[in-house]
Every structure is written in C-alpha cells, then in structure tokens.
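I have placed the structure first, in the form of structure tokens, so that the comments after it can refer back to it.
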Amino acid sequence: MTQASEFSLAELLVVATSEAWRGNGEVLASGIGPIPRLGASLAKLTHTPELLMTDSEAFLVEDPIPLGPRGDYRPKFSGSMNFARVFDCVWGGKRHVMIGPVQIDRWGQTNLSCIGDFHKPKVQQLGVRGLPGNSINHLNSMFIVNHSARVFVPGEVDVVGGVGYNPDRWPPGVKRDFVDLRLIVTNLCVMDFGGPEHAIQVASLHPGVTFEEVQAATGFPLLKSPSIKTTEGPTDEQLAIIRRLDPHNIRATVIKDNPPGIR
C-alpha cells in the first residue's frame, strides 16, 4: 500500500503510535489521549487484531469506539472488563499503555506529578498515581505533543514517578527484568530504547525534520539508530479508518494549528 498524498501531522502520529502495539499479542491496549487512543485502535483494526480494547467503561469491544459524541452509534460488546479484570491485566504484565508524561529523562524515567520542588512545586500536575507500579509490571510507551528540553530534561525528572533504566535508582540485587519501555513518539520523531544499556535513540524522523533539530530540542545527548529512517505517513486505507474512528476531527486539536504531515 502506498502513502496518501495529503495528511496532517496528527494523522501521521496516529500511524506512528500504532506501531508501538505491533505484534504485542493479546494484551490490553491503553492509549491515553486522542492520538494514542486512535493509534491503539488503528493497530487493532490493521496489524494486531488480537489486542484487547475496552469501551473506556466496563466492556471489551472488537470494533474500537469512535472519539467524541456517539450519536446513534451502539458499541458491540464482546466481554466484560471491569476494574478487577483490568488490574489483573496490569499486575500480570498483560497491558501496554502509552502515556503523556510532563517530563522524561535520559533513562526513561517519567514524571506526571509536578514541576519543580516536590514540597513547593511551580506547577502541580496529576500526581504519581499508578505510574510506579505500571512502569515495572507491563509494557510502556510515551507520546509527547511538543518535543522540547522542558520535557526531555537534562539530569533526572523532578519527580521520578515512572521507573526507568537509571541504575542508581535500583537497590542492589533487585530484579530489573520487568521494565520494558518501547517507543517515544513526538511531534518531531520516533525514539526507542535500543541503544547501549537502553540509551534513547532516534529511530525515525518525521518528514522534513533533521536529527540536529531533534537534538537541539532535547536536554540530553541522543543516539542515532543505525537504521534511522523517515516516519511513514498513513495510507489511504489507514486514513479512512482514522476518519471513521474520529468523526469529529478531535485529532486536529491536539497540535497547534493542525500542521501538515510533510513540512
């Protein structure tokens, strides 16, 4: 299938985020926010149909729920997924979530809590919530709307909520095997943790973006993947699915001015 001739950056990001779930198997796919949610839905409807998805309430669905007001749409339920079952998936490692942290550091540690000193923050955010347990129990990816050094910080994040690969944070003898960070998708590029000792590397650059631009917007040194490529845009078939899943074009509100996918 060939790439569509015209598409927005948001639509390119939906396709890029969908790749986080490629080949995951029967795990609960949780995309937090419009773009990751559309990405998980696109993954289920194209390359990884065995993914588990919910109606965001209490039931499993095989046809992902469209974003926004549903009108006459009626979900087709395929099973129960109440909170107890969700937590079974979480604690058992059968989930892959894509979150949107406010800070990420070079070790993949993430912050959802606050900016500045924990006892007197400059900005209060969501709080640590379930991030510590989630980050050691199942697969994790990340989505960042605005790639900048305020997000990709030098040093450590202000509050280490999500566990990463920083060896200084691990007590001696603790098993680290369950931390599995996959992709970071931003408005500039796609990164992974495929460098030496899980170092963050740029896997693909969005059309028209250079590696130097990405590095300048990052507070720590990045590696360039040996197989770095240009991020693939959506095909006409993928665009049709995205537009059906987002009939109110909520994706257009995620990035300021809804820029095109190709600069």
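Chain identifiers are assigned as A, B, and so on, following the order in which chains appear in the structure tokens; residues are numbered from 1 within each chain, and ligands are numbered from 1 in order of appearance.
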
As a VMD selection string, please: all residues of region 16-260 of chain A that backbone DSSP puts in alpha helix (DSSP H).
chain A and resid 16 to 18 34 to 45 83 to 91 131 to 137 211 to 216 236 to 245

Report as JSON lines: every residue of region 185-242 of chain A with an atom at most 8 Å from region 2-17 of chain A, its closest pair of atoms, and their distance in Å to one decimal, counting only C-alpha atoms, with rows sorted by chain and ascending residue number.
```
{"residue": "A:Val185", "atom": "CA", "partner": "A:Thr17", "partner_atom": "CA", "distance": 6.4}
{"residue": "A:Thr186", "atom": "CA", "partner": "A:Leu13", "partner_atom": "CA", "distance": 7.8}
{"residue": "A:Asn187", "atom": "CA", "partner": "A:Leu13", "partner_atom": "CA", "distance": 7.4}
{"residue": "A:Val190", "atom": "CA", "partner": "A:Ala16", "partner_atom": "CA", "distance": 7.5}
{"residue": "A:Thr231", "atom": "CA", "partner": "A:Ala16", "partner_atom": "CA", "distance": 7.2}
{"residue": "A:Glu232", "atom": "CA", "partner": "A:Leu12", "partner_atom": "CA", "distance": 7.3}
{"residue": "A:Gly233", "atom": "CA", "partner": "A:Leu12", "partner_atom": "CA", "distance": 4.9}
{"residue": "A:Pro234", "atom": "CA", "partner": "A:Gln3", "partner_atom": "CA", "distance": 5.6}
{"residue": "A:Thr235", "atom": "CA", "partner": "A:Gln3", "partner_atom": "CA", "distance": 4.3}
{"residue": "A:Asp236", "atom": "CA", "partner": "A:Ala4", "partner_atom": "CA", "distance": 5.1}
{"residue": "A:Gln238", "atom": "CA", "partner": "A:Val15", "partner_atom": "CA", "distance": 7.8}
{"residue": "A:Leu239", "atom": "CA", "partner": "A:Glu11", "partner_atom": "CA", "distance": 7.4}
{"residue": "A:Ile242", "atom": "CA", "partner": "A:Glu11", "partner_atom": "CA", "distance": 7.6}
```

Near Val159 (chain A), within 12 Å and counting only C-alpha atoms, which residues show up once chain neighbours fewer than 3 positions away are dropped, as a list of chain:residue names?
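Counting only the stated atoms, we get A:Pro101, A:Val102, A:Gln103, A:Ile104, A:Asp105, A:Gln109, A:Thr110, A:Asn111, A:Leu112, A:Ser113, A:Cys114, A:Ile115, A:Gly116, A:Asp117, A:Phe118, A:His119, A:Pro121, A:Gln124, A:Gln125, A:Leu126, A:Gly127, A:Val128, A:Leu131, A:Pro132, A:Val153, A:Gly155, A:Glu156, A:Gly162, A:Val163.
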
How many Å separate CA of Ala43 (chain A) from CA of Gly208 (chain A)?
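Going from CA of Ala43 (chain A) over to CA of Gly208 (chain A), I get 25.2 Å.
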
From the options A:Arg176, A:Arg106, A:Lys256, A:Arg70, which residue's atoms come nearest to Ser135 (chain A), counting only C-alpha atoms?
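Ranking A:Arg176, A:Arg106, A:Lys256, A:Arg70 by distance to Ser135 (chain A), first place goes to A:Arg176.
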